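A short worksheet on the structure shown next.
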Amino acid sequence: MRKTVFALSAATCALVMPTFAYAQDEAAEAAEDEVEIVVTAQGRSQLLSDVPVAISAVNAETLQNSGANDIRQLNQVAPSLLVSSTGTEANGSARIRGIGTVGDNPGLESSVPVFIDGVYRSRSGIGLNELGEIDRVEVQRGPQGTLGGRNSSAGLISIYSKKPEFTFGGSGELTYGNYDFMRAASSITGPISEQIAFRVDGVYVKRDGFYRDDTNGRDVNNRDRYFLRGQLLIEPSDDLSIRLIADYTSRKEECCAATYVDGTVNPYIGNLNNLATPLNNPAANNIINVLRDLGQPLSSFSQGYGRKISNSPNRVFTGETKDYGFSGQIDYDFGGAKLTSITAYREYRSSQASDTDYGEVDILYRAPSDDAYRQFHTFTQELRLQGEAFGGTLDWLAGGFYANEKLTVRDNLRFGNQYGRFATCRIISGGGLAGLYSPTNPSCVAPVVGPATLAGATGTSGADIVAAFTALDSLNDLGSTFENYFQNGTNWALFTHNIIHITDTLDLTLGLRYTSDKKKFAATFGNDNTRCTTVQGLVTDDLTTTTAGTPAQIATARALAGALIGLACQGNSTAELNGVSINDRRSEDEFTGTAILSWKATDDLLLYGSFARGYKAGGFNLDRSALKSPITTFAAVGGAQAVVGNLQFDPELVDSYELGAKYATGPFSLSLSAFRSDFSNFQLNTFNGAVYIVQTVNGCSNDLGGADRDSSNATGACAASDVGYGVRAEGFELEASLVPARNFRMAAGLTYANTSYRSNLVGNKSGAPLDAVLRKLPGDNLSNAPELVATSSLTWTPEIGGSGLTGLFYIDGRLTGDYNTGSDLFPQKEQDGYAIFNARIGIRGPDEAWSLELWGQNIFNQDYAQVAFNTPFQAGGASAQFTDPQFPGGRQLFSHFLAEPRTYGITLRGKF
């Protein structure tokens, strides 16, 4: 890690320092042309250097040069931001200062929401769409709990498209690259009349996938999408402006495949991917034998960063997304005050099939149909009134926000055609019964002697145990016939944001917001997994004291009974749920706000200190597995409705403190901020290899004596009065830009963020123990939260002769320190630090009327994982060797979603 820290620091200094001398000679010339970005982070148009908040602003030129067509490429130019996608691009995750929403569960709102033209988008993954012609992007860091739109606990991303113009013009782009990448984009704008202007943008993208599925003969993680946006700008007078926007996005693509993690990628994998020879060898992994014997090539367990995937026959990752809507923004100047109204309606629907086990053995899948999708219908209304009072001493703003979000999630997750044999072999191979292992025979045991031995080993429970094995062995292509989740959320808020000019150079900003959030939840289930109920009926008594036999027989019977029920009813996939409906509701109210004291020490230097209170709403875990343990029947807990409260989770709260300085002289700007943010009820979504666990994480002021770090779900409790924040993010950020000459620009950023859990953790605000799967969290950094990140970019556009031609030379880089990609922080999910560089070179005509550019993304073909995860259901038998601290996942296999490889191509642009 020290080498990584040194490299990050040296790279940033090497980029910035040598140019200071050069700047002395030509800064004056550059200052004449340098125009600072205007942002609206505080609900008003202000110069970036005058805004006393931490914000990164990226203009259209930088976006174009970096190749940013969606928010993912913002990673290269915003060091505190990390955007990644996992099992579906429908719900990608954005993190700021190491804080973000983990996983694909749509019941969790985004810690870093996306706004496009002032309109809240229901989940940040929507920003992974094409964006069209963009004016700028603002990345606000830290909690946003005062102004319009939804609350956010970590920051927000605001995207602003180019407005219609009253001068006729247009632009176009044709791009071709490797992986048969094709992109065509065009935009046209102009007047309809003296008072009405229009703009139309269109983008079409197609690309082969960078994963190869030889089993089914296709590429995966491809691109096939188009985007259309139309705008009208109506300005009947100098006081009134109306902007109408309608857009439509369509995507029909296959996403997202994964490969197994091996020892070349992560040394903690050790011999997890090795055959167990003999089968009960504690130094290897029996699950490898099972998968091999059922058809998985051994070579797949050494995939590492390879792009060849192993898929079950006829299982696909087909996904289809439709995202469309319209908005209307009205700005009216009354003279003494200005009114802004933004009204919007959005619909978003994304369906996603998957080979959910990510291997050739058919264990788990989602079929490509209308039975697996998520859909949002969102209406939002924002009103702001802003003006001045007391002779300009008070710059006041008041407003309100309303949102109604209707969320529908439909799922059809089913066991595959080989699940039953896989499940029985998993049991037989992993313990003292390994001598019976016979994967080609029923119940995965040798004929005659196998069933007899099972019966004899379990005493009077023998007949039931053998029958249960038979039932489990035939659990194929069963599971959910449908799962429908409905959530109707209403959120409204009143807010005020006021800047008091105490003196000409000293300002006090005070903001306050009241938010009311209500959610109604309902779910209905269909399930044809009668094998679960059969197994439950056969062996439930064997989990209790009614079992008879010798102590050894009783112990064996109980262990097998638990394993049989657990695998037969995995994730609460059971016919007990067939026809069941549940419902619930929750309501919460929060006050949030901010206070900022800022001082303009000189015309070029701004100093500020701030406090902000942020909030992210609670909600429901949209996953049946969270209702109860699969070992327990629904009848035993009083039915599904009796445990529906287990799906709820509390709101996330944050108190944040910041000190900052901004210095801007025109050709040179520098901003520095130091921050500390404490999060209570931090919402965490974790996949443990079988089910998703949503838990709020808090800290205890008392020493738990390591009880939060053991393998028990019953230890580590804390008195509610001693419960406090569970996550702290603290560090500093530096961003600098320098334009020493008219045709030369450079920028650099450095973020140090120690975003970590407290040393003593509990699972909720009542002080209940932390779930055992999270036992690696106390005192460690959060997932996807590198401590150090440095970004840099250079742009040089020299004149070529006297004909008006110019060149283009651009390069940007992002250097990232080590971090863990898994929310449970298992060491097998560690990612070493890496560097990503993009570059572009080209020639441009007079007034940039045309350009021809060669470009490359990830030009050094750096391999790294976006997220590593427990490969579903693929955990071998327990062994003393595979225990903490090195192997907290036992014999669990791991897979990862890889980032994109090197891409390159050529782009032709034109405009008039």
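Within each chain, counting starts at residue 1; across the structure tokens, chains are named A, B, ... in the order shown, with ligands numbered 1 upward in that order.
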Spatial neighbours of Ser610 (chain A), max dist 6 Å, only C-alpha atoms, sep filter under 4 positions, as a list in words: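 Answer for this query is Ala595, Ile596, Tyr657 and Glu658 of chain A.
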Write to file, as a compact mmCIF listing (two decimals), in the first residue's frame, the residues of the selection just made, with C-alpha atoms.
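Once everything was written out, this is again04.txt:
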# COMPACT_ATOMS: atom_id res chain seq x y z
CA ALA A 595 -24.93 25.92 7.93
CA ILE A 596 -21.97 27.48 6.09
CA TYR A 657 -18.37 18.71 8.78
CA GLU A 658 -16.18 20.38 6.20
I need the residues in region 408-573 of chain A that are helix (DSSP H, G or I) according to DSSP; give them as a PyMOL selection string. chain A and resi 419-429+434-436+442-444+449-457+459-473+530-543+551-568+570-572
So that I can check the surroundings of Gln828 (chain A), please list as a PyMOL selection string every protein, DNA and RNA residue that reaches within 6 Å of it, counting only C-alpha atoms and ignoring chain neighbours fewer than 2 positions away. chain A and resi 268-269+826+830
Can you write just those residues out, C-alpha atoms, as a PDB file, in the first residue's frame?
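File produced: selection.pdb:
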ATOM      1  CA  TYR A 268      -6.245 -15.436  -0.612  1.00  0.00           C
ATOM      2  CA  ILE A 269      -8.016 -17.842  -2.958  1.00  0.00           C
ATOM      3  CA  PHE A 826     -13.799 -11.120   2.702  1.00  0.00           C
ATOM      4  CA  GLU A 830      -9.478  -7.628  -2.424  1.00  0.00           C
TER       5      GLU A 830
END
Those in region 232-451 of chain A with strand (DSSP E) from DSSP, as an NGL selection string: :A and (232-237 or 240-254 or 259-260 or 308-309 or 318-333 or 337-352 or 364-365 or 373-389 or 394-411 or 414-415)
Mind writing the picked residues with C-alpha atoms as a compact mmCIF listing (two decimals), in the first residue's frame?
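Here's the written file selection_29.txt:
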# COMPACT_ATOMS: atom_id res chain seq x y z
CA LEU A 232 -38.47 23.34 -26.94
CA LEU A 233 -37.37 26.63 -25.42
CA ILE A 234 -40.13 29.23 -25.28
CA GLU A 235 -39.22 32.77 -24.28
CA PRO A 236 -42.26 35.02 -24.85
CA SER A 237 -40.67 37.83 -22.84
CA LEU A 240 -40.53 34.23 -18.76
CA SER A 241 -38.72 31.11 -19.97
CA ILE A 242 -40.31 27.70 -20.56
CA ARG A 243 -38.24 24.64 -21.38
CA LEU A 244 -39.96 21.42 -22.43
CA ILE A 245 -37.98 18.16 -22.73
CA ALA A 246 -39.03 14.69 -23.85
CA ASP A 247 -36.66 11.75 -24.22
CA TYR A 248 -36.67 8.02 -24.95
CA THR A 249 -33.99 5.38 -24.42
CA SER A 250 -34.08 1.78 -25.62
CA ARG A 251 -31.53 -0.94 -24.80
CA LYS A 252 -31.59 -4.59 -25.88
CA GLU A 253 -28.37 -6.09 -24.60
CA GLU A 254 -26.86 -9.02 -22.72
CA THR A 259 -15.78 -15.29 -14.19
CA TYR A 260 -14.28 -17.22 -11.28
CA LYS A 308 -14.10 -16.65 -21.75
CA ILE A 309 -17.07 -17.49 -19.56
CA THR A 318 -30.77 -10.97 -22.24
CA GLY A 319 -31.92 -7.61 -20.93
CA GLU A 320 -34.27 -4.98 -22.27
CA THR A 321 -34.62 -1.46 -20.91
CA LYS A 322 -37.03 1.33 -21.75
CA ASP A 323 -36.53 4.72 -20.13
CA TYR A 324 -38.64 7.66 -21.17
CA GLY A 325 -40.41 10.72 -19.87
CA PHE A 326 -40.94 14.43 -20.14
CA SER A 327 -40.33 17.51 -18.05
CA GLY A 328 -41.26 21.14 -18.09
CA GLN A 329 -39.27 23.90 -16.42
CA ILE A 330 -40.76 27.36 -15.99
CA ASP A 331 -38.63 30.31 -14.89
CA TYR A 332 -40.41 33.57 -14.23
CA ASP A 333 -38.96 36.81 -12.94
CA ALA A 337 -38.32 37.36 -6.89
CA LYS A 338 -37.73 34.57 -9.37
CA LEU A 339 -39.89 31.47 -9.58
CA THR A 340 -38.66 28.11 -10.84
CA SER A 341 -41.01 25.19 -11.38
CA ILE A 342 -39.85 21.77 -12.62
CA THR A 343 -42.55 19.20 -13.36
CA ALA A 344 -41.63 15.73 -14.60
CA TYR A 345 -43.02 12.29 -15.25
CA ARG A 346 -40.72 9.30 -15.86
CA GLU A 347 -41.23 5.64 -16.70
CA TYR A 348 -38.43 3.14 -16.46
CA ARG A 349 -38.66 -0.59 -17.11
CA SER A 350 -35.81 -3.06 -17.21
CA SER A 351 -36.02 -6.82 -17.63
CA GLN A 352 -33.00 -9.03 -17.04
CA LEU A 364 -29.99 -21.26 -10.93
CA TYR A 365 -31.45 -19.02 -13.64
CA TYR A 373 -38.31 -6.95 -14.49
CA ARG A 374 -38.30 -3.81 -12.41
CA GLN A 375 -40.41 -0.81 -13.28
CA PHE A 376 -40.63 2.74 -11.93
CA HIS A 377 -43.38 5.27 -12.54
CA THR A 378 -42.25 8.55 -11.05
CA PHE A 379 -43.92 11.94 -10.88
CA THR A 380 -42.00 14.86 -9.38
CA GLN A 381 -42.79 18.51 -8.81
CA GLU A 382 -40.35 21.08 -7.51
CA LEU A 383 -41.03 24.76 -6.80
CA ARG A 384 -38.42 27.35 -5.83
CA LEU A 385 -38.85 31.04 -5.16
CA GLN A 386 -35.68 33.06 -4.81
CA GLY A 387 -35.03 36.73 -4.22
CA GLU A 388 -33.27 39.39 -2.18
CA ALA A 389 -34.26 41.45 0.86
CA LEU A 394 -30.34 38.54 2.41
CA ASP A 395 -30.39 36.24 -0.59
CA TRP A 396 -33.33 34.02 0.26
CA LEU A 397 -34.75 30.88 -1.30
CA ALA A 398 -37.79 28.83 -0.31
CA GLY A 399 -39.39 25.89 -2.01
CA GLY A 400 -41.08 22.56 -1.94
CA PHE A 401 -40.71 19.16 -3.51
CA TYR A 402 -43.16 16.33 -4.13
CA ALA A 403 -42.52 12.87 -5.56
CA ASN A 404 -44.72 9.86 -6.10
CA GLU A 405 -42.79 6.73 -7.04
CA LYS A 406 -44.56 3.49 -7.94
CA LEU A 407 -42.16 0.58 -8.06
CA THR A 408 -43.01 -2.86 -9.38
CA VAL A 409 -40.53 -5.73 -9.24
CA ARG A 410 -41.38 -9.08 -10.78
CA ASP A 411 -39.04 -12.04 -10.42
CA ARG A 414 -35.77 -20.79 -10.50
CA PHE A 415 -33.57 -23.75 -9.77
For a test of reading the model, state the distance in Å between CA of Ser300 (chain A) and CA of Pro282 (chain A), rounded to one decimal.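 Separation of CA of Ser300 (chain A) and CA of Pro282 (chain A): 21.9 Å.
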Kindly indicate which residue among A:Glu483, A:Asp201, A:Glu590, A:Asp214 lies nearest to Leu228 (chain A), using only C-alpha atoms for the distances.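 Going through A:Glu483, A:Asp201, A:Glu590, A:Asp214 one by one, the smallest distance to Leu228 (chain A) is for A:Asp201.
Between Tyr615 (chain A) and the residues A:Pro297, A:Pro651, A:Gly724, A:Gly149, the shortest atom-to-atom distance, using only C-alpha atoms, involves A:Pro651.
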Quick one: of A:Asn698, A:Thr509, A:Asn861, A:Asn529, who's nearest to Phe611 (chain A), counting only C-alpha atoms? A:Thr509
Within 10 Å of region 42-49 of chain A, which residues of region 517-633 of chain A show up? Give each one with its shortest atom-to-atom distance in Å (one decimal) and the two atoms involved, counting only C-alpha atoms, rows by chain then rising residue number, as a tab-separated table.
residue	atom	partner	partner_atom	distance
A:Asp604	CA	A:Ser49	CA	8.3
A:Leu605	CA	A:Ser49	CA	8.4
A:Leu606	CA	A:Ser49	CA	7.5
Would you save the residues from that selection as a CSV table (one decimal), in the first residue's frame, using N, CA and C atoms?
chain,number,residue,atom,x,y,z
A,604,ASP,N,-9.6,36.5,-5.0
A,604,ASP,CA,-9.3,35.2,-5.6
A,604,ASP,C,-9.4,34.0,-4.6
A,605,LEU,N,-9.6,34.3,-3.3
A,605,LEU,CA,-9.6,33.3,-2.3
A,605,LEU,C,-10.8,33.2,-1.5
A,606,LEU,N,-11.4,32.1,-1.4
A,606,LEU,CA,-12.6,31.8,-0.6
A,606,LEU,C,-12.3,30.8,0.4
Using only C-alpha atoms, which protein or nucleic acid residues come within 8 Å of Pro769 (chain A)? Drop anything in the same chain fewer than 3 positions from it, and give the result as number ranges by chain. A: 708, 713-718, 761-764
Could those residues be written to a file, using C-alpha atoms, as a PDB file, in the first residue's frame?
ATOM      1  CA  ASP A 708     -19.095  -8.622  16.757  1.00  0.00           C
ATOM      2  CA  ASN A 713     -25.649 -14.180  15.070  1.00  0.00           C
ATOM      3  CA  ALA A 714     -26.480 -14.081  18.781  1.00  0.00           C
ATOM      4  CA  THR A 715     -23.465 -12.246  20.219  1.00  0.00           C
ATOM      5  CA  GLY A 716     -22.347  -8.650  20.190  1.00  0.00           C
ATOM      6  CA  ALA A 717     -25.460  -6.877  21.477  1.00  0.00           C
ATOM      7  CA  CYS A 718     -25.306  -3.305  22.766  1.00  0.00           C
ATOM      8  CA  LEU A 761     -20.591  -2.748  15.441  1.00  0.00           C
ATOM      9  CA  VAL A 762     -24.215  -3.692  15.950  1.00  0.00           C
ATOM     10  CA  GLY A 763     -26.937  -4.454  13.461  1.00  0.00           C
ATOM     11  CA  ASN A 764     -29.502  -1.726  14.121  1.00  0.00           C
TER      12      ASN A 764
END
Any idea what the distance is between CA of Leu543 (chain A) and CA of Asp710 (chain A)?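 Spanning CA of Leu543 (chain A) to CA of Asp710 (chain A) is a straight-line distance of 24.2 Å.
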What's the separation between CA of Asn216 (chain A) and CA of Ser310 (chain A), in Å to one decimal place?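 About the pair CA of Asn216 (chain A) and CA of Ser310 (chain A): they are 9.5 Å apart.
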So, with only C-alpha atoms as the atoms that count, which of A:Gly263, A:Thr550, A:Gly209, A:Ile71 lies closest to Pro901 (chain A)? A:Gly209
Pull the closest atom pair for each residue of region 64-179 of chain A that gets at most 9 Å from region 734-748 of chain A, along with the distance in Å to one decimal, counting only C-alpha atoms, ordering rows by chain and then ascending residue number, as a Markdown table.
| residue | atom | partner | partner_atom | distance |
| --- | --- | --- | --- | --- |
| A:Val77 | CA | A:Ala748 | CA | 8.2 |
| A:Ala78 | CA | A:Glu735 | CA | 8.9 |
| A:Pro79 | CA | A:Glu735 | CA | 8.6 |
Take the residues that were just selected and, keeping N, CA and C atoms, output them as a PDB file, in the first residue's frame.
ATOM      1  N   VAL A  77     -12.242  11.827 -14.213  1.00  0.00           N
ATOM      2  CA  VAL A  77     -12.034  13.257 -13.989  1.00  0.00           C
ATOM      3  C   VAL A  77     -12.554  13.740 -12.647  1.00  0.00           C
ATOM      4  N   ALA A  78     -13.151  12.852 -11.850  1.00  0.00           N
ATOM      5  CA  ALA A  78     -13.674  13.230 -10.531  1.00  0.00           C
ATOM      6  C   ALA A  78     -13.126  12.240  -9.508  1.00  0.00           C
ATOM      7  N   PRO A  79     -12.048  12.577  -8.801  1.00  0.00           N
ATOM      8  CA  PRO A  79     -11.360  11.587  -7.967  1.00  0.00           C
ATOM      9  C   PRO A  79     -12.167  11.052  -6.802  1.00  0.00           C
TER      10      PRO A  79
END
Nearby residues (only C-alpha atoms) at most 6 Å from Pro630 (chain A), same-chain spacing under 2 positions excluded, as a PyMOL selection string: chain A and resi 566+569+572+632
Long-range neighbours of region 637-641 of chain A as JSON, numbers by chain, 8 Å cut-off, only C-alpha atoms, 4 positions minimum in chain: {"A": [577, 580, 581, 582, 583, 627, 632, 633]}
C-alpha atoms of the current selection, written as a short mmCIF file (atom, residue, chain, number, x, y, z; two decimals), in the first residue's frame:
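Saved result, again.cif, follows:
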data_model
loop_
_atom_site.label_atom_id
_atom_site.label_comp_id
_atom_site.auth_asym_id
_atom_site.auth_seq_id
_atom_site.Cartn_x
_atom_site.Cartn_y
_atom_site.Cartn_z
CA LEU A 577 -45.61 -19.27 -0.56
CA VAL A 580 -49.56 -15.97 -0.46
CA SER A 581 -49.93 -12.16 -0.27
CA ILE A 582 -48.30 -9.86 2.26
CA ASN A 583 -48.41 -6.12 2.88
CA LEU A 627 -38.56 -13.06 5.62
CA THR A 632 -38.09 -22.75 9.65
CA THR A 633 -41.47 -23.24 8.00
#
